[in-house]
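*Asks:* Have a look at this one.
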Amino acid sequence: MDLQAFQTLWFLLIAVLFTGFLFLEGFDYGVGILLPFVARKDEERRIVINTIGPVWDGNEVWLLTAGGAMFAAFPNWYATLFSGFYLALFLILVALIVRGVAFEFRSKDNAPRWRSLWDWAIFIGSALPALLWGVAFGNILRGVAIDASMTYVGTFFDLLNPYSLVGGLVTLTLFILHGALFLELKTDGVIQERVSSFARRLWLPVTLVAVVFVVLSLFETDILENLNPANVLGLVAAVAGLLATGYFIFKARYGRAFLGTSLTVVGVVALIFGTLFPRVMPSTLGFDLTIYNASSSFYTLQVMSVIALTLVPVVLAYQAWSYWVFRKRLTTESHLEY
Amino acid sequence: MDALTLARLQFGITTVYHFFFVPLSLGLSIMVALMQTIYVTRGDEKYKQMAKFWGKLLLINFAMGVVTGIVQEFQFGMNWSEYSRFVGDIFGAPLAVEALVAFFIESTFLGVWIFGWDKLSKRVHLAAIWLVAIAANISAFWILVANSFMQNPVGYTIAESGRAEMTDFFALIQNPNVWLQFPHVVLGGLTTAAFFVLGISAFHLLRNKTGDLQPFYASVRMGLIIGTVAVLATMLFGHAQGQRMADTQPMKLASAEGLWESEDPAGLSMFQIGNEKDRTSIVNIRIPSLLSFLSYNTPDGMVHGINQLQAEYEAQYGPGDYVPPAIWLTYWSFRAMVGAGVLMFVLGIVGSIRFFRNNLGNGKGKWLLRLLMVAIFLPYLANTTGWLLTEMGRQPWIVQGLMTIDQAISPNVTIEMLWISLIGFTLIYGLLMVADIYLLQKYARHNMDGGDTLIPWAGSSEPENAENKARYEGAY
């Protein structure tokens, strides 16, 4: 394999890591956002949190791995993105900190105010990143002001353009629906009823926002000049996934509906990364960051490929096992230790 | 303050804070795994109580380490983008490997361990905590591989583009620096955990409330054995690091010793008041030849002073200030770290002698139990000052000899942005520290068998709890 092949491989691998991250953490953001609304009593909240309790941390590691992979394989991408989106990332970090601690701290004191505080921390800590990841990807897709030294020279407020904000709404609403369907599969009784009713009401708004986003993309991005199998298939998958979700929610077949939102998440990532390729951050100033000018050396990519291709399957295997261990629905009869 | 100072301050605060939690997680996960191993192999219920009790404290601590670690991974790109571009080819690799080999295991199996007490067989559940403990410590290895490159760059070449590029991955993981630093950190983690266990157990022995104190006696035994051995070993590896420093980072050694002028033989300063502006000392009490001896195992040998090294570096790297910015800090950090280590070792020895002669607890050796309670803070002091010395002593280099800190900063991150993030992180971290300490002290006070408070759903008003509790207790 030559250098270009490795660069393409790592672009793919990072796309895969983001897919894993958005698919997995997508539903646990959704669960966190729904928590105050679908669970009212303390015990109900415990059940809802326990649906993701054993797995949310592992889900988040997909993000950390994506970040690490970006740093190792495309240092310039990592440096430009993270310094350029500084305040947005700061907010995401604060949200992730508060959220992670909340899962752990919430149950450790019985005072209602203590619990309510951490429940809202979980809500905000889930909602903010769910929104901001969409805003970030919207901006990447649309292109931002990157100069000849690969430095982002725009401001924080430039990132809050309408198109990217709609992108944020896409991820936010999609993750809520994704999370609602996950909860539907993991709970029963009153929580399940509330979640189902949420899911039924959510489908239309999600679809509308998604349609607006796709239409805006035709004008705001250069997707039409960059049509390729990846983004076309991605779009088809995203649309098919959403339609299937609607159909199966209507039929009350929630397992299949969850597969529908999953397909949509995968499709959206394919759409984004397919449109970008071989760029990683298009520049509005004509200095695109690409997999070629942002990448590490041949040697590093080679070493990292051996390591990643050996380990990713192993990771997938034991994460899948952990989901299998905790596959049962959680009810008030469950052992709710923790 | 200028952008560079703010960015450094933020890195310092977030990193020191992160490392308040990491060592305890590293060491305590191993100790809990050991306790659970004894429970599973011998069936001794006492050790199950211990694993649950210390495990609870581990979890409260672990969460803080995990979430503050995310900041660490993102911060290089956010604040140090030019550094990231320069060394990404090398530095990014261990971070990515860490996530893949360690972080995934740790996070997945921690969830399995927490929620799996009654879902898995005893042995599989035991394997889960071992995987967490091993992965956490492997994670430390990869982070230290990355850090060691900053202290002692190896396995690289400077490409035409001016970037550092990796030429030998194995040189990176065989960096002599990491093979001293890694055991030093892991053993420091065990020391931290052992003294944490000792201090809290001492509290319970002192209080001597009704209830079964046996698990706390067993904890003291474990803490004394592990703590005494670990702190001694930590110091030995630290000593070896000091000797290496004399070769690879003489400026750091000189700043740790407040040694302004080269000397042969060099004396070891015990107490110094220096004048950093003129780079001289005002008061300096010293033991002759001892620094040479510590550096080279012989009574003489040249130890380079700050002023000579500065002149040398100017000749080598061009004009500039190559002296770390706060000699008082590196000097006193070093003394605080070593002092804390020696104190812990003495406490470990004295404690062991008394304990194994049945002279501790049950009304005996109260003064020592009180000291052990206070000694919880010693490893924290040593961990923090150790890193302050390691990182401050390397300044102004971010990568020793290759890149200085002022070249490393993100050019587009403004002072306003830095203030926002600095204040934001500090505020959040401060609040979380309050919540964390509140919970730690709350759970540390619980009895191991005092039943209720340790069983999480007790005290809540839900009626199903009695039933749950029964099921829980019948589960084994």
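All residue names refer to the structure tokens as shown: chains lettered A, B, ... in order, residues numbered from 1 in each chain, ligands numbered from 1 in order.
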Residues of chain B were defined as contacting chain A if any atom lay at most 7 Å from it, counting only C-alpha atoms; please report them as JSON, numbers by chain.
*Replies:* {"B": [60, 63, 64, 67, 68, 71, 77, 78, 79, 81, 84, 85, 88, 89, 92, 93, 95, 96, 99, 100, 103, 104, 107, 108, 111, 112, 115, 165, 166, 167, 410, 412, 413, 417, 421, 456, 457, 460, 468]}
*Asks:* Can you tell me, as a PyMOL selection string, what residues are no more than 8 Å from segment 46-49 of chain B when counting only C-alpha atoms, ignoring any on the same chain fewer than 3 positions away?
*Replies:* chain B and resi 35-36+38-39+52-53+214-215+448-449
*Asks:* If you take only C-alpha atoms and a cut-off of 10 Å, which residues of segment 88-205 of chain A touch segment 250-265 of chain A, and what are their nearest atom pairs and distances in Å to one decimal, in chain and number order, as a Markdown table?
*Replies:*
```
| residue | atom | partner | partner_atom | distance |
| --- | --- | --- | --- | --- |
| A:Thr171 | CA | A:Val265 | CA | 8.8 |
| A:Leu174 | CA | A:Thr261 | CA | 7.5 |
| A:Phe175 | CA | A:Thr261 | CA | 8.5 |
| A:Leu177 | CA | A:Thr261 | CA | 7.6 |
| A:His178 | CA | A:Thr261 | CA | 5.7 |
| A:Gly179 | CA | A:Phe258 | CA | 8.7 |
| A:Ala180 | CA | A:Phe258 | CA | 8.8 |
| A:Leu181 | CA | A:Phe258 | CA | 5.4 |
| A:Phe182 | CA | A:Phe258 | CA | 6.5 |
| A:Leu183 | CA | A:Phe258 | CA | 9.8 |
| A:Glu184 | CA | A:Tyr254 | CA | 6.9 |
| A:Leu185 | CA | A:Gly255 | CA | 6.6 |
| A:Ser196 | CA | A:Ala252 | CA | 8.4 |
| A:Ala199 | CA | A:Tyr254 | CA | 9.4 |
| A:Arg200 | CA | A:Phe250 | CA | 7.3 |
| A:Trp203 | CA | A:Phe250 | CA | 9.9 |
```
*Asks:* Can you pull out the residues contacting Gly162 of chain B? Cut-off 12 Å, using only C-alpha atoms, and skip same-chain residues under 3 positions away; I want them as a PyMOL selection string.
*Replies:* chain B and resi 82-83+85-87+157-159+165+402-403
*Asks:* Write the residues of the selection above to a file with N, CA and C atoms, as a PDB file, in the first residue's frame.
*Replies:*
```
ATOM      1  N   GLU B  82       0.050  24.461  17.387  1.00  0.00           N
ATOM      2  CA  GLU B  82       1.326  24.389  16.671  1.00  0.00           C
ATOM      3  C   GLU B  82       2.172  23.233  17.195  1.00  0.00           C
ATOM      4  N   TYR B  83       2.065  22.993  18.474  1.00  0.00           N
ATOM      5  CA  TYR B  83       2.708  21.798  19.049  1.00  0.00           C
ATOM      6  C   TYR B  83       2.129  20.538  18.404  1.00  0.00           C
ATOM      7  N   ARG B  85       0.702  20.157  15.543  1.00  0.00           N
ATOM      8  CA  ARG B  85       1.167  19.980  14.160  1.00  0.00           C
ATOM      9  C   ARG B  85       2.595  19.471  14.137  1.00  0.00           C
ATOM     10  N   PHE B  86       3.411  20.018  15.026  1.00  0.00           N
ATOM     11  CA  PHE B  86       4.841  19.682  15.013  1.00  0.00           C
ATOM     12  C   PHE B  86       5.078  18.221  15.409  1.00  0.00           C
ATOM     13  N   VAL B  87       4.408  17.756  16.475  1.00  0.00           N
ATOM     14  CA  VAL B  87       4.703  16.403  16.969  1.00  0.00           C
ATOM     15  C   VAL B  87       3.582  15.389  16.755  1.00  0.00           C
ATOM     16  N   THR B 157      12.705  11.925  13.330  1.00  0.00           N
ATOM     17  CA  THR B 157      13.583  12.742  12.515  1.00  0.00           C
ATOM     18  C   THR B 157      12.849  14.042  12.233  1.00  0.00           C
ATOM     19  N   ILE B 158      13.580  15.097  11.974  1.00  0.00           N
ATOM     20  CA  ILE B 158      12.909  16.344  11.592  1.00  0.00           C
ATOM     21  C   ILE B 158      12.823  16.369  10.069  1.00  0.00           C
ATOM     22  N   ALA B 159      11.579  16.374   9.559  1.00  0.00           N
ATOM     23  CA  ALA B 159      11.360  16.297   8.118  1.00  0.00           C
ATOM     24  C   ALA B 159      11.661  17.636   7.456  1.00  0.00           C
ATOM     25  N   GLU B 165       8.933  13.712  12.658  1.00  0.00           N
ATOM     26  CA  GLU B 165       8.241  12.520  12.153  1.00  0.00           C
ATOM     27  C   GLU B 165       8.802  11.272  12.810  1.00  0.00           C
ATOM     28  N   LEU B 402      13.831  20.576  21.175  1.00  0.00           N
ATOM     29  CA  LEU B 402      13.262  20.658  19.829  1.00  0.00           C
ATOM     30  C   LEU B 402      12.297  21.824  19.645  1.00  0.00           C
ATOM     31  N   MET B 403      11.503  22.105  20.657  1.00  0.00           N
ATOM     32  CA  MET B 403      10.492  23.150  20.494  1.00  0.00           C
ATOM     33  C   MET B 403      10.262  23.830  21.838  1.00  0.00           C
TER      34      MET B 403
END
```
*Asks:* Considering only strand (DSSP E) as DSSP defines it on the backbone, what residues of segment 86-309 of chain B qualify? List them as an MDAnalysis selection string.
*Replies:* chainID B and resid 156:158 164:166 268:275 280:287
*Asks:* When you count only C-alpha atoms, which of these residues is closest to Val209 of chain A: A:Pro313, A:Gly20, A:Pro282, A:Gly167?
*Replies:*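 Once distances to Val209 of chain A are computed over only C-alpha atoms, the minimum belongs to A:Gly167.
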*Asks:* Tell me which protein, DNA and RNA residues are within 9 Å of Ile282 of chain B, counting only C-alpha atoms, leaving out same-chain ones fewer than 3 positions away, and put them as an MDAnalysis selection string.
*Replies:* chainID B and resid 272:275
*Asks:* Can you tell me, as a list in words, what residues are no more than 10 Å from Arg221 of chain B when counting only C-alpha atoms, ignoring any on the same chain fewer than 5 positions away?
*Replies:*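 Near Arg221 of chain B, the qualifying residues are Ala194, Val197, Leu198, Pro215, Phe216, Ile226, Gly227, Gly351, Ser352, Phe355 and Phe356 of chain B.
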*Asks:* Export, as a PDB file, in the first residue's frame, the selected residues with C-alpha atoms.
*Replies:*
```pdb
ATOM      1  CA  ALA B 194      -2.475   2.261  50.255  1.00  0.00           C
ATOM      2  CA  VAL B 197      -6.984   2.859  52.650  1.00  0.00           C
ATOM      3  CA  LEU B 198      -4.795   3.215  55.737  1.00  0.00           C
ATOM      4  CA  PRO B 215     -12.533  -5.723  57.542  1.00  0.00           C
ATOM      5  CA  PHE B 216     -10.779  -2.522  58.573  1.00  0.00           C
ATOM      6  CA  ILE B 226       1.511  -2.488  49.920  1.00  0.00           C
ATOM      7  CA  GLY B 227       2.155   1.069  51.059  1.00  0.00           C
ATOM      8  CA  GLY B 351       2.963   1.159  61.476  1.00  0.00           C
ATOM      9  CA  SER B 352       3.953  -2.306  60.298  1.00  0.00           C
ATOM     10  CA  PHE B 355       0.502  -3.655  63.711  1.00  0.00           C
ATOM     11  CA  PHE B 356       2.164  -7.024  63.402  1.00  0.00           C
TER      12      PHE B 356
END
```
*Asks:* Got a sec: who's within 8 Å of Val231 of chain B, counting only C-alpha atoms, leaving out chain neighbours fewer than 3 positions off, as a ChimeraX atom specification?
*Replies:* /B:187-188,191,227-228,234-235,341,344-345
*Asks:* Please report, as a VMD selection string, each residue of segment 50-281 of chain B to which DSSP assigns helix (DSSP H, G or I) when run on this structure's backbone.
*Replies:* chain B and resid 50 to 79 81 to 115 122 to 151 169 to 173 176 to 207 214 to 248 250 to 257
*Asks:* Mind giving me the straight-line distance from atom CA of Val101 of chain B to atom CA of Leu172 of chain B in Å, one decimal?
*Replies:*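 Atom CA of Leu172 of chain B lies 16.7 Å from atom CA of Val101 of chain B.
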*Asks:* With only C-alpha atoms as the counted atoms, please give the residues lying no more than 8 Å from Ile287 of chain B, apart from itself and same-chain residues fewer than 2 positions off, as a list in words.
*Replies:* Gly267, Leu268, Ser269, Met270, Ile285, Ser289 and Leu290 of chain B
*Asks:* I need the residues from that last selection saved to file as a PDB file, in the first residue's frame (with all heavy atoms), if you can.
*Replies:*
```pdb
ATOM      1  N   GLY B 267      27.488  19.868  46.462  1.00  0.00           N
ATOM      2  CA  GLY B 267      26.802  19.599  47.727  1.00  0.00           C
ATOM      3  C   GLY B 267      25.289  19.593  47.518  1.00  0.00           C
ATOM      4  O   GLY B 267      24.783  20.176  46.554  1.00  0.00           O
ATOM      5  N   LEU B 268      24.593  18.923  48.421  1.00  0.00           N
ATOM      6  CA  LEU B 268      23.133  18.874  48.330  1.00  0.00           C
ATOM      7  C   LEU B 268      22.534  19.959  49.207  1.00  0.00           C
ATOM      8  O   LEU B 268      22.783  20.009  50.412  1.00  0.00           O
ATOM      9  CB  LEU B 268      22.617  17.506  48.774  1.00  0.00           C
ATOM     10  CG  LEU B 268      21.100  17.340  48.633  1.00  0.00           C
ATOM     11  CD1 LEU B 268      20.727  17.151  47.174  1.00  0.00           C
ATOM     12  CD2 LEU B 268      20.602  16.174  49.452  1.00  0.00           C
ATOM     13  N   SER B 269      21.740  20.822  48.586  1.00  0.00           N
ATOM     14  CA  SER B 269      21.132  21.922  49.328  1.00  0.00           C
ATOM     15  C   SER B 269      19.966  21.400  50.163  1.00  0.00           C
ATOM     16  O   SER B 269      19.113  20.662  49.678  1.00  0.00           O
ATOM     17  CB  SER B 269      20.641  22.976  48.331  1.00  0.00           C
ATOM     18  OG  SER B 269      19.856  23.923  49.002  1.00  0.00           O
ATOM     19  N   MET B 270      19.946  21.747  51.434  1.00  0.00           N
ATOM     20  CA  MET B 270      18.852  21.326  52.304  1.00  0.00           C
ATOM     21  C   MET B 270      17.830  22.440  52.483  1.00  0.00           C
ATOM     22  O   MET B 270      16.647  22.214  52.666  1.00  0.00           O
ATOM     23  CB  MET B 270      19.381  20.920  53.687  1.00  0.00           C
ATOM     24  CG  MET B 270      20.392  19.802  53.654  1.00  0.00           C
ATOM     25  SD  MET B 270      19.788  18.331  52.802  1.00  0.00           S
ATOM     26  CE  MET B 270      18.668  17.677  54.007  1.00  0.00           C
ATOM     27  N   ILE B 285      21.959  26.118  52.946  1.00  0.00           N
ATOM     28  CA  ILE B 285      22.549  25.159  53.887  1.00  0.00           C
ATOM     29  C   ILE B 285      22.738  23.847  53.144  1.00  0.00           C
ATOM     30  O   ILE B 285      21.785  23.306  52.572  1.00  0.00           O
ATOM     31  CB  ILE B 285      21.617  24.959  55.101  1.00  0.00           C
ATOM     32  CG1 ILE B 285      21.410  26.300  55.787  1.00  0.00           C
ATOM     33  CG2 ILE B 285      22.197  23.925  56.062  1.00  0.00           C
ATOM     34  CD1 ILE B 285      20.231  26.322  56.725  1.00  0.00           C
ATOM     35  N   SER B 289      29.244  17.311  48.932  1.00  0.00           N
ATOM     36  CA  SER B 289      29.442  16.127  48.073  1.00  0.00           C
ATOM     37  C   SER B 289      28.199  15.271  47.848  1.00  0.00           C
ATOM     38  O   SER B 289      28.222  14.384  47.004  1.00  0.00           O
ATOM     39  CB  SER B 289      30.527  15.188  48.650  1.00  0.00           C
ATOM     40  OG  SER B 289      31.785  15.753  48.413  1.00  0.00           O
ATOM     41  N   LEU B 290      27.158  15.520  48.595  1.00  0.00           N
ATOM     42  CA  LEU B 290      26.045  14.578  48.539  1.00  0.00           C
ATOM     43  C   LEU B 290      25.337  14.579  47.178  1.00  0.00           C
ATOM     44  O   LEU B 290      24.915  13.543  46.674  1.00  0.00           O
ATOM     45  CB  LEU B 290      25.038  14.870  49.657  1.00  0.00           C
ATOM     46  CG  LEU B 290      23.945  13.818  49.843  1.00  0.00           C
ATOM     47  CD1 LEU B 290      24.533  12.430  50.039  1.00  0.00           C
ATOM     48  CD2 LEU B 290      23.037  14.163  51.013  1.00  0.00           C
TER      49      LEU B 290
END
```
